[in-house]
$ cat protein.cif   # mmCIF, C-alpha atoms and all ligand atoms
data_my_file
loop_
_atom_site.label_atom_id
_atom_site.label_comp_id
_atom_site.auth_asym_id
_atom_site.auth_seq_id
_atom_site.Cartn_x
_atom_site.Cartn_y
_atom_site.Cartn_z
CA MET A 1 0.00 0.00 0.00
CA LYS A 2 0.99 3.61 -0.33
CA ALA A 3 1.80 5.57 2.82
CA TYR A 4 2.73 9.25 3.00
CA GLN A 5 5.37 9.35 5.69
CA ILE A 6 7.68 11.66 7.58
CA THR A 7 11.14 10.30 6.84
CA ASN A 8 13.07 13.41 7.99
CA TRP A 9 11.59 15.93 10.46
CA GLY A 10 10.22 18.97 8.63
CA GLN A 11 11.08 17.63 5.15
CA PRO A 12 8.36 16.91 2.55
CA LEU A 13 6.35 13.75 3.26
CA GLU A 14 7.49 10.82 1.13
CA GLU A 15 5.24 8.44 -0.75
CA LEU A 16 6.46 4.99 0.23
CA GLU A 17 5.28 1.51 -0.68
CA VAL A 18 4.82 -0.48 2.55
CA PRO A 19 3.10 -3.81 3.30
CA ILE A 20 -0.63 -3.71 4.15
CA PRO A 21 -0.71 -4.43 7.91
CA LYS A 22 -2.32 -7.72 8.98
CA PRO A 23 -4.75 -7.51 11.90
CA THR A 24 -3.91 -9.77 14.84
CA GLY A 25 -5.81 -10.25 18.13
CA SER A 26 -8.51 -7.59 18.49
CA GLU A 27 -7.18 -5.39 15.68
CA VAL A 28 -9.30 -4.20 12.77
CA LEU A 29 -7.95 -3.25 9.34
CA ILE A 30 -9.52 -0.11 7.89
CA LYS A 31 -9.28 1.01 4.27
CA ILE A 32 -8.93 4.79 4.52
CA THR A 33 -11.47 6.75 2.49
CA SER A 34 -11.01 10.20 4.13
CA CYS A 35 -8.56 11.75 6.56
CA GLY A 36 -8.51 15.30 7.88
CA VAL A 37 -5.26 17.28 7.89
CA CYS A 38 -4.88 18.91 11.29
CA HIS A 39 -2.87 21.96 12.21
CA SER A 40 -1.11 19.99 14.94
CA ASP A 41 0.26 17.74 12.19
CA ILE A 42 2.55 20.65 11.34
CA HIS A 43 4.12 20.41 14.81
CA ILE A 44 4.43 16.64 14.53
CA TRP A 45 5.99 17.05 11.09
CA ASP A 46 8.49 19.56 12.55
CA GLY A 47 9.19 17.11 15.36
CA PHE A 48 8.72 19.44 18.34
CA PHE A 49 6.33 21.59 20.38
CA ASP A 50 7.33 25.06 21.65
CA LEU A 51 6.98 25.40 25.44
CA GLY A 52 7.99 29.06 25.58
CA GLY A 53 11.17 30.68 26.89
CA GLY A 54 13.18 28.87 24.21
CA LYS A 55 12.14 25.45 25.58
CA ARG A 56 10.96 22.67 23.30
CA ILE A 57 9.71 19.16 23.68
CA THR A 58 10.76 16.93 20.82
CA LEU A 59 8.75 13.98 19.59
CA GLU A 60 11.89 11.86 19.54
CA GLU A 61 12.17 12.39 23.33
CA ARG A 62 8.60 11.10 23.51
CA GLY A 63 9.65 7.97 21.67
CA LEU A 64 8.37 8.69 18.18
CA GLY A 65 10.63 7.10 15.57
CA LEU A 66 10.78 7.64 11.81
CA PRO A 67 9.46 6.84 9.30
CA PHE A 68 6.02 7.76 10.62
CA THR A 69 2.56 8.11 9.08
CA MET A 70 0.51 11.01 10.48
CA GLY A 71 -3.27 11.44 10.20
CA HIS A 72 -5.45 11.46 13.32
CA GLU A 73 -8.80 12.20 11.63
CA PRO A 74 -9.17 8.89 9.77
CA VAL A 75 -12.40 7.57 8.32
CA GLY A 76 -12.78 4.36 6.36
CA GLU A 77 -14.26 0.97 5.78
CA VAL A 78 -13.64 -2.21 7.74
CA VAL A 79 -11.86 -4.67 5.39
CA ALA A 80 -10.45 -7.34 7.75
CA LEU A 81 -10.71 -8.37 11.39
CA GLY A 82 -8.18 -9.99 13.71
CA PRO A 83 -9.20 -13.40 15.12
CA ASP A 84 -10.47 -11.86 18.41
CA ALA A 85 -12.11 -8.74 16.94
CA THR A 86 -15.87 -8.41 17.41
CA GLY A 87 -18.44 -5.64 17.17
CA VAL A 88 -17.93 -4.64 13.52
CA SER A 89 -18.26 -6.41 10.18
CA VAL A 90 -16.43 -6.13 6.88
CA GLY A 91 -17.97 -3.24 4.94
CA ASP A 92 -18.88 -1.13 8.01
CA LYS A 93 -17.98 2.55 7.59
CA ARG A 94 -16.42 4.05 10.69
CA ILE A 95 -14.47 6.98 12.15
CA VAL A 96 -11.40 5.76 14.02
CA TYR A 97 -11.42 7.52 17.42
CA PRO A 98 -7.71 8.35 17.63
CA TRP A 99 -7.12 9.42 21.26
CA ILE A 100 -6.45 5.98 22.66
CA GLY A 101 -4.80 5.33 26.03
CA CYS A 102 -2.48 2.47 27.05
CA GLY A 103 -5.45 0.57 28.45
CA THR A 104 -3.67 -0.63 31.58
CA CYS A 105 -3.02 2.45 33.80
CA ASP A 106 -5.45 3.73 36.46
CA ALA A 107 -6.62 6.63 34.24
CA CYS A 108 -7.44 4.25 31.38
CA LYS A 109 -9.19 1.79 33.71
CA ASP A 110 -11.32 4.70 35.00
CA ASN A 111 -12.29 5.52 31.41
CA ASN A 112 -10.14 8.68 31.43
CA GLU A 113 -7.99 7.68 28.47
CA LEU A 114 -7.23 11.32 27.69
CA LEU A 115 -5.32 11.53 30.99
CA CYS A 116 -3.16 8.50 30.17
CA ASN A 117 0.58 9.18 30.42
CA ASN A 118 1.41 6.60 27.76
CA PRO A 119 -1.21 7.06 25.06
CA ILE A 120 -1.04 5.17 21.77
CA THR A 121 -2.83 7.86 19.75
CA VAL A 122 -3.51 6.99 16.12
CA GLY A 123 -1.55 9.35 13.87
CA THR A 124 0.61 10.85 16.62
CA ARG A 125 2.02 7.73 18.36
CA ARG A 126 1.03 4.89 16.06
CA ASN A 127 0.70 5.10 12.28
CA GLY A 128 -2.32 7.13 11.16
CA GLY A 129 -4.50 7.84 8.18
CA TYR A 130 -2.15 9.35 5.59
CA ALA A 131 -2.05 5.90 3.99
CA GLU A 132 -4.32 3.52 2.13
CA TYR A 133 -4.86 1.30 5.18
CA LEU A 134 -4.73 1.70 8.94
CA LEU A 135 -4.75 -0.77 11.79
CA ALA A 136 -7.16 0.13 14.61
CA PRO A 137 -6.23 -1.60 17.88
CA HIS A 138 -9.81 -2.54 18.80
CA ALA A 139 -13.31 -2.28 17.35
CA LYS A 140 -14.46 -0.34 20.42
CA TYR A 141 -12.68 2.75 19.02
CA LEU A 142 -14.67 2.65 15.77
CA VAL A 143 -17.56 5.11 15.69
CA PRO A 144 -20.41 5.10 13.14
CA TYR A 145 -21.10 8.35 11.32
CA ASP A 146 -24.20 7.42 9.31
CA GLY A 147 -26.24 10.44 8.27
CA VAL A 148 -23.21 12.78 8.27
CA ASP A 149 -21.22 13.79 5.17
CA GLU A 150 -18.01 11.76 5.23
CA ALA A 151 -15.45 14.57 4.85
CA PHE A 152 -17.29 16.60 7.50
CA ALA A 153 -17.35 13.52 9.75
CA ALA A 154 -13.56 13.18 9.37
CA THR A 155 -13.07 16.62 10.91
CA ALA A 156 -15.02 15.56 14.01
CA ALA A 157 -12.30 13.23 15.32
CA CYS A 158 -9.88 16.04 16.22
CA SER A 159 -10.87 19.60 15.37
CA GLY A 160 -14.56 18.85 15.99
CA ILE A 161 -14.24 17.28 19.43
CA THR A 162 -11.47 19.71 20.41
CA ALA A 163 -13.92 22.57 19.87
CA TYR A 164 -16.86 20.63 21.33
CA SER A 165 -15.04 19.60 24.50
CA ALA A 166 -13.73 23.15 25.11
CA LEU A 167 -17.14 24.79 24.64
CA LYS A 168 -18.80 22.14 26.84
CA LYS A 169 -16.67 23.44 29.72
CA LEU A 170 -18.83 26.63 29.62
CA LYS A 171 -22.17 24.82 29.52
CA HIS A 172 -23.06 26.20 32.95
CA LEU A 173 -23.31 29.78 31.60
CA THR A 174 -26.77 31.28 31.10
CA ALA A 175 -28.49 33.10 28.24
CA LYS A 176 -27.76 36.45 29.93
CA GLN A 177 -24.01 35.80 29.85
CA THR A 178 -21.38 36.05 27.12
CA THR A 179 -18.75 33.74 25.70
CA LEU A 180 -15.73 35.17 23.93
CA ILE A 181 -14.14 32.90 21.36
CA ILE A 182 -10.60 33.97 20.48
CA GLY A 183 -9.27 32.83 17.12
CA ALA A 184 -11.32 32.00 14.04
CA GLY A 185 -8.76 29.66 12.49
CA GLY A 186 -9.50 26.00 11.73
CA VAL A 187 -10.59 24.77 15.18
CA GLY A 188 -11.96 28.17 16.20
CA LEU A 189 -14.27 28.24 13.19
CA ALA A 190 -15.40 24.69 13.95
CA GLY A 191 -16.22 25.93 17.47
CA ILE A 192 -18.14 28.94 16.18
CA GLY A 193 -20.16 26.65 13.88
CA MET A 194 -21.32 24.55 16.82
CA ALA A 195 -21.37 27.13 19.65
CA LYS A 196 -25.10 27.81 19.42
CA ALA A 197 -25.86 24.10 19.65
CA ILE A 198 -23.90 23.78 22.91
CA LEU A 199 -24.08 27.14 24.71
CA LYS A 200 -26.96 29.37 25.73
CA THR A 201 -24.80 32.53 25.87
CA LYS A 202 -24.22 35.31 23.40
CA ILE A 203 -21.17 34.53 21.23
CA ILE A 204 -18.53 37.18 20.50
CA VAL A 205 -15.55 36.24 18.34
CA ALA A 206 -12.18 37.98 18.43
CA ASP A 207 -9.70 37.73 15.60
CA ILE A 208 -7.09 40.10 14.20
CA ASP A 209 -7.85 39.06 10.59
CA PRO A 210 -10.90 40.75 8.95
CA GLN A 211 -11.42 37.75 6.63
CA LYS A 212 -11.66 35.43 9.59
CA ARG A 213 -14.05 37.79 11.40
CA LYS A 214 -16.24 37.69 8.29
CA ALA A 215 -16.13 33.87 8.30
CA ALA A 216 -17.08 33.94 12.00
CA ILE A 217 -20.20 36.00 11.29
CA GLU A 218 -21.17 33.60 8.49
CA LEU A 219 -20.88 30.68 10.91
CA GLY A 220 -23.20 32.31 13.45
CA ALA A 221 -21.18 34.64 15.73
CA ASP A 222 -23.39 37.35 17.26
CA GLU A 223 -20.61 39.93 17.17
CA VAL A 224 -16.94 40.14 16.23
CA ILE A 225 -14.07 42.28 17.47
CA ASP A 226 -10.49 42.94 16.43
CA ASN A 227 -8.44 41.95 19.48
CA GLY A 228 -5.41 43.63 17.93
CA ALA A 229 -7.06 47.09 18.15
CA VAL A 230 -5.72 49.33 20.93
CA ASP A 231 -9.14 49.84 22.55
CA ALA A 232 -10.28 46.20 22.10
CA ALA A 233 -10.37 45.32 25.79
CA LYS A 234 -12.15 48.54 26.74
CA ASN A 235 -14.77 48.11 24.01
CA LEU A 236 -15.35 44.53 24.99
CA MET A 237 -15.92 45.53 28.62
CA THR A 238 -18.60 47.98 27.45
CA MET A 239 -20.20 45.48 25.06
CA THR A 240 -20.42 42.81 27.74
CA ASN A 241 -21.07 44.98 30.78
CA GLY A 242 -17.94 43.92 32.67
CA GLY A 243 -16.32 41.30 30.49
CA PRO A 244 -17.24 37.89 29.08
CA ASP A 245 -18.08 35.15 31.58
CA GLY A 246 -16.36 32.54 29.52
CA VAL A 247 -13.39 32.81 27.17
CA VAL A 248 -12.19 30.03 24.90
CA ASP A 249 -8.74 30.71 23.49
CA PHE A 250 -8.39 28.66 20.32
CA VAL A 251 -4.97 30.20 19.61
CA GLY A 252 -3.11 29.67 22.87
CA ALA A 253 -0.49 32.34 22.24
CA PRO A 254 0.89 34.66 24.94
CA THR A 255 -1.05 37.65 23.52
CA THR A 256 -4.39 35.85 23.14
CA SER A 257 -4.45 34.14 26.54
CA SER A 258 -3.32 37.38 28.25
CA PHE A 259 -6.13 39.23 26.47
CA GLY A 260 -8.65 36.56 27.50
CA PHE A 261 -7.52 36.69 31.11
CA GLN A 262 -7.56 40.49 31.16
CA VAL A 263 -11.15 40.83 29.95
CA LEU A 264 -12.63 37.89 31.89
CA ALA A 265 -15.56 38.86 34.16
CA LYS A 266 -15.49 38.10 37.88
CA GLY A 267 -16.22 34.42 38.43
CA GLY A 268 -15.41 33.69 34.80
CA THR A 269 -13.59 30.78 33.17
CA LEU A 270 -10.74 30.95 30.67
CA VAL A 271 -10.38 27.76 28.64
CA VAL A 272 -7.09 27.45 26.77
CA VAL A 273 -7.25 25.06 23.83
CA GLY A 274 -4.84 26.31 21.17
CA LEU A 275 -1.32 24.91 21.03
CA TYR A 276 0.40 27.92 19.50
CA GLY A 277 2.78 27.86 22.46
CA GLY A 278 4.90 30.26 24.45
CA GLY A 279 4.41 31.53 27.98
CA MET A 280 2.29 34.23 29.62
CA GLU A 281 2.75 36.45 32.64
CA LEU A 282 -0.04 35.97 35.14
CA PRO A 283 -0.95 38.60 37.79
CA LEU A 284 -1.45 36.05 40.57
CA SER A 285 -3.43 38.32 42.90
CA LEU A 286 -6.14 38.58 40.24
CA LEU A 287 -6.85 34.85 40.47
CA PRO A 288 -8.37 35.22 43.97
CA LEU A 289 -9.59 38.81 43.49
CA LYS A 290 -11.54 37.96 40.35
CA VAL A 291 -12.40 34.40 41.50
CA VAL A 292 -11.57 33.08 38.04
CA ASN A 293 -10.78 29.65 36.69
CA ILE A 294 -8.12 28.88 34.11
CA GLN A 295 -8.64 25.54 32.50
CA GLY A 296 -6.89 23.54 29.80
CA SER A 297 -8.81 21.51 27.27
CA TYR A 298 -7.21 18.87 25.08
CA VAL A 299 -9.07 17.17 22.20
CA GLY A 300 -12.12 15.26 23.50
CA THR A 301 -13.41 11.92 24.67
CA GLN A 302 -15.00 9.24 22.53
CA GLN A 303 -18.29 10.16 24.20
CA ASP A 304 -17.74 13.76 22.98
CA LEU A 305 -17.31 12.37 19.47
CA VAL A 306 -20.58 10.40 19.70
CA GLU A 307 -22.44 13.47 21.04
CA LEU A 308 -20.99 15.78 18.41
CA LEU A 309 -21.87 13.39 15.57
CA GLN A 310 -25.46 13.39 16.85
CA LEU A 311 -25.57 17.22 16.69
CA MET A 312 -24.14 17.00 13.17
CA ARG A 313 -26.80 14.46 12.17
CA GLU A 314 -29.46 16.83 13.47
CA GLY A 315 -28.04 19.57 11.25
CA ARG A 316 -27.15 21.76 14.24
CA VAL A 317 -23.46 22.17 13.39
CA LYS A 318 -22.35 24.48 10.61
CA SER A 319 -19.40 23.10 8.69
CA VAL A 320 -16.21 25.06 8.18
CA PRO A 321 -15.28 25.21 4.49
CA ILE A 322 -13.84 21.81 3.54
CA ILE A 323 -11.02 21.66 1.01
CA LYS A 324 -10.79 18.17 -0.49
CA ARG A 325 -7.50 16.82 -1.78
CA GLN A 326 -6.61 13.35 -3.02
CA LEU A 327 -4.72 11.18 -0.53
CA SER A 328 -1.74 11.20 -2.92
CA GLU A 329 -1.58 14.99 -2.45
CA ALA A 330 -0.90 14.65 1.30
CA PRO A 331 2.64 16.11 1.03
CA LEU A 332 1.27 19.18 -0.76
CA ALA A 333 -1.79 19.59 1.47
CA ILE A 334 0.28 19.89 4.62
CA GLN A 335 2.58 22.42 2.95
CA ASP A 336 -0.47 24.46 1.92
CA LEU A 337 -1.82 24.26 5.46
CA ARG A 338 1.46 25.61 6.81
CA SER A 339 1.35 28.50 4.34
CA GLY A 340 -2.07 29.45 5.74
CA LYS A 341 -3.36 30.53 2.34
CA ASP A 342 -6.82 28.92 2.61
CA ILE A 343 -9.59 29.31 5.16
CA GLY A 344 -11.04 25.95 6.08
CA ARG A 345 -10.10 22.37 6.69
CA TYR A 346 -8.17 20.11 4.34
CA VAL A 347 -9.50 16.59 4.05
CA LEU A 348 -7.63 13.94 2.07
CA ILE A 349 -9.95 11.67 0.17
CA ASN A 350 -9.24 8.26 -1.31
CA TYR A 351 -12.14 7.32 -3.57
ZN ZN A 401 -5.59 17.38 15.46
ZN ZN A 402 -3.23 4.53 30.18
#

$ encode --input "protein.cif" --output "structure tokens"
Amino acid sequence: MKAYQITNWGQPLEELEVPIPKPTGSEVLIKITSCGVCHSDIHIWDGFFDLGGGKRITLEERGLGLPFTMGHEPVGEVVALGPDATGVSVGDKRIVYPWIGCGTCDACKDNNELLCNNPITVGTRRNGGYAEYLLAPHAKYLVPYDGVDEAFAATAACSGITAYSALKKLKHLTAKQTTLIIGAGGVGLAGIGMAKAILKTKIIVADIDPQKRKAAIELGADEVIDNGAVDAAKNLMTMTNGGPDGVVDFVGAPTTSSFGFQVLAKGGTLVVVGLYGGGMELPLSLLPLKVVNIQGSYVGTQQDLVELLQLMREGRVKSVPIIKRQLSEAPLAIQDLRSGKDIGRYVLINY
């Protein structure tokens, strides 16, 4: 089969001919028909994450060897089952839930696989969907997406549940309150498209790019602001009568999280989702004085995926623009994503 692999960190992906994996035990072989291209794939491709202050964590330190096949938004068809695999049949169409834990630690046993210290995530730890076939470790991670457009369904496995899980953390807010969404990039736009299905609050979107603010309005934002403007914080305080009660930072850069923290209303919650990286200075006395919460949110659970797909089936989630590319164009698609020239989500298709 063809696989589009990282063979040198940061160098163009290579098309390599590798054997089709054979499912053993509980494994299930999936023929990939769609796979989303995620912004975090750029960091994996580079081989490191920026921790701020010149510090980095490399993927090699985390035990990732090359060559490696990325792709953690895989969708496909069951084509073969290992001898112990049950629960799916050949021909079933499924999303592969990628955020899989080791299965043996206390977190995994408590069904908190996202908190596992030794995850075996598809496409970031084990080979993913930038290939013609993929081996899923167990049928329990295969989620049906019937009634949802396939390319749109592919985006649910990472960007979709990342946005869903972050917004869900503000579900306690009421219709009189306001949520500020910072960043209308790929995941941010996905969040804006589903915000009204999850939250009761008014939705304000902040982005420094007028094109992205326009896209935010089209996806259902009540109002937009330019957080790069000098009077942005002051205007926002007036608009919201004392600041938003919830802020979701889909960028996760020093400037955006500082802005979110600065404008947060008393008793509010700042959810940081974006992995842009860097560090921020935090006025510690304001944590108690403003009684605020700062919370991290990382991807989402399999239950989040099931819930989100249901909202998608019901037509309550507006799709970000989807840019389809053939699987064989994977090396080009990720380069185009890095260049940032298109608004929307790339999905590799193989049909
Ligand atoms: Zn992702
Ligand atoms: Zn574990």

$ residues_near_point --input "protein.cif" --point "(-4.4, 8.1, 30.2)" --cutoff "10 Å" --atoms "only C-alpha atoms" --output "list in words"
Trp99, Ile100, Gly101, Cys102, Gly103, Thr104, Cys105, Asp106, Ala107, Cys108, Lys109, Asp110, Asn111, Asn112, Glu113, Leu114, Leu115, Cys116, Asn117, Asn118, Pro119 and Ile120 of chain A

$ residues_near_ligand --input "protein.cif" --ligand "ligand ZN 401 (chain A)" --cutoff "8 Å" --atoms "all atoms listed in the file" --output "VMD selection string"
chain A and resid 37 to 41 72 to 73 157 to 159 299

$ residues_around --input "protein.cif" --residues "segment 280-293 of chain A" --least-positions-apart "3" --cutoff "8 Å" --atoms "all atoms listed in the file" --output "list in words"
Pro254, Thr255, Ser257, Ser258, Leu264, Ala265, Lys266, Gly267, Gly268, Thr269 and Leu270 of chain A

$ residues_around --input "protein.cif" --residues "segment 344-346 of chain A" --least-positions-apart "6" --cutoff "8 Å" --atoms "all atoms listed in the file" --output "list in words"
Gly36, Val37, Cys38, Thr155, Gly185, Gly186, Val320, Pro321, Ile322, Ile323, Lys324, Arg325, Ala333 and Leu337 of chain A

$ axis_aligned_box --input "protein.cif" --around "segment 91-103 of chain A" --padding-each-side "6 Å" --output "AutoDock Vina command-line options"
--center_x -10.7 --center_y 3.1 --center_z 16.7 --size_x 28.4 --size_y 24.7 --size_z 35.5

$ atom_distance --input "protein.cif" --atom1 "atom CA of Ala197 of chain A" --atom2 "atom CA of Arg316 of chain A"
6.0 Å

$ atom_distance --input "protein.cif" --atom1 "atom CA of Trp45 of chain A" --atom2 "atom CA of Gln11 of chain A"
7.8 Å

$ atom_distance --input "protein.cif" --atom1 "atom CA of Gly274 of chain A" --atom2 "atom CA of Gly128 of chain A"
21.8 Å

$ closest_residue --input "protein.cif" --among "A:Thr121, A:Gln211, A:Thr58, A:Gln310" --to "Asp342 of chain A" --atoms "all atoms listed in the file"
A:Gln211

$ residues_around --input "protein.cif" --residues "Tyr145 of chain A" --least-positions-apart "2" --cutoff "8 Å" --atoms "only C-alpha atoms" --output "PyMOL selection string"
chain A and resi 93-95+143+147-148+150+153+309

$ residues_around --input "protein.cif" --residues "Thr179 of chain A" --least-positions-apart "3" --cutoff "12 Å" --atoms "only C-alpha atoms" --output "PDB file with C-alpha atoms, keeping the file's coordinate frame"
ATOM      1  CA  ALA A 166     -13.730  23.150  25.110  1.00  0.00           C
ATOM      2  CA  LEU A 167     -17.140  24.790  24.640  1.00  0.00           C
ATOM      3  CA  LYS A 168     -18.800  22.140  26.840  1.00  0.00           C
ATOM      4  CA  LYS A 169     -16.670  23.440  29.720  1.00  0.00           C
ATOM      5  CA  LEU A 170     -18.830  26.630  29.620  1.00  0.00           C
ATOM      6  CA  LYS A 171     -22.170  24.820  29.520  1.00  0.00           C
ATOM      7  CA  HIS A 172     -23.060  26.200  32.950  1.00  0.00           C
ATOM      8  CA  LEU A 173     -23.310  29.780  31.600  1.00  0.00           C
ATOM      9  CA  THR A 174     -26.770  31.280  31.100  1.00  0.00           C
ATOM     10  CA  ALA A 175     -28.490  33.100  28.240  1.00  0.00           C
ATOM     11  CA  LYS A 176     -27.760  36.450  29.930  1.00  0.00           C
ATOM     12  CA  ILE A 182     -10.600  33.970  20.480  1.00  0.00           C
ATOM     13  CA  GLY A 191     -16.220  25.930  17.470  1.00  0.00           C
ATOM     14  CA  ILE A 192     -18.140  28.940  16.180  1.00  0.00           C
ATOM     15  CA  ALA A 195     -21.370  27.130  19.650  1.00  0.00           C
ATOM     16  CA  LYS A 196     -25.100  27.810  19.420  1.00  0.00           C
ATOM     17  CA  ILE A 198     -23.900  23.780  22.910  1.00  0.00           C
ATOM     18  CA  LEU A 199     -24.080  27.140  24.710  1.00  0.00           C
ATOM     19  CA  LYS A 200     -26.960  29.370  25.730  1.00  0.00           C
ATOM     20  CA  THR A 201     -24.800  32.530  25.870  1.00  0.00           C
ATOM     21  CA  LYS A 202     -24.220  35.310  23.400  1.00  0.00           C
ATOM     22  CA  ILE A 203     -21.170  34.530  21.230  1.00  0.00           C
ATOM     23  CA  ILE A 204     -18.530  37.180  20.500  1.00  0.00           C
ATOM     24  CA  VAL A 205     -15.550  36.240  18.340  1.00  0.00           C
ATOM     25  CA  ALA A 206     -12.180  37.980  18.430  1.00  0.00           C
ATOM     26  CA  ALA A 221     -21.180  34.640  15.730  1.00  0.00           C
ATOM     27  CA  ASP A 222     -23.390  37.350  17.260  1.00  0.00           C
ATOM     28  CA  GLU A 223     -20.610  39.930  17.170  1.00  0.00           C
ATOM     29  CA  VAL A 224     -16.940  40.140  16.230  1.00  0.00           C
ATOM     30  CA  LEU A 236     -15.350  44.530  24.990  1.00  0.00           C
ATOM     31  CA  MET A 239     -20.200  45.480  25.060  1.00  0.00           C
ATOM     32  CA  THR A 240     -20.420  42.810  27.740  1.00  0.00           C
ATOM     33  CA  GLY A 243     -16.320  41.300  30.490  1.00  0.00           C
ATOM     34  CA  PRO A 244     -17.240  37.890  29.080  1.00  0.00           C
ATOM     35  CA  ASP A 245     -18.080  35.150  31.580  1.00  0.00           C
ATOM     36  CA  GLY A 246     -16.360  32.540  29.520  1.00  0.00           C
ATOM     37  CA  VAL A 247     -13.390  32.810  27.170  1.00  0.00           C
ATOM     38  CA  VAL A 248     -12.190  30.030  24.900  1.00  0.00           C
ATOM     39  CA  ASP A 249      -8.740  30.710  23.490  1.00  0.00           C
ATOM     40  CA  GLY A 260      -8.650  36.560  27.500  1.00  0.00           C
ATOM     41  CA  VAL A 263     -11.150  40.830  29.950  1.00  0.00           C
ATOM     42  CA  LEU A 264     -12.630  37.890  31.890  1.00  0.00           C
ATOM     43  CA  ALA A 265     -15.560  38.860  34.160  1.00  0.00           C
ATOM     44  CA  GLY A 268     -15.410  33.690  34.800  1.00  0.00           C
ATOM     45  CA  THR A 269     -13.590  30.780  33.170  1.00  0.00           C
ATOM     46  CA  LEU A 270     -10.740  30.950  30.670  1.00  0.00           C
ATOM     47  CA  VAL A 271     -10.380  27.760  28.640  1.00  0.00           C
TER      48      VAL A 271
END

$ residues_around --input "protein.cif" --residues "Asn227 of chain A" --least-positions-apart "3" --cutoff "9 Å" --atoms "all atoms listed in the file" --output "number ranges by chain"
A: 182, 206-208, 230-233, 256, 259

$ closest_residue --input "protein.cif" --among "A:Glu314, A:Asp336, A:Glu60, A:Glu132" --to "Tyr4 of chain A" --atoms "all atoms listed in the file"
A:Glu132

$ closest_residue --input "protein.cif" --among "A:Leu29, A:Leu348, A:Val306, A:Val317" --to "Gly82 of chain A" --atoms "only C-alpha atoms"
A:Leu29
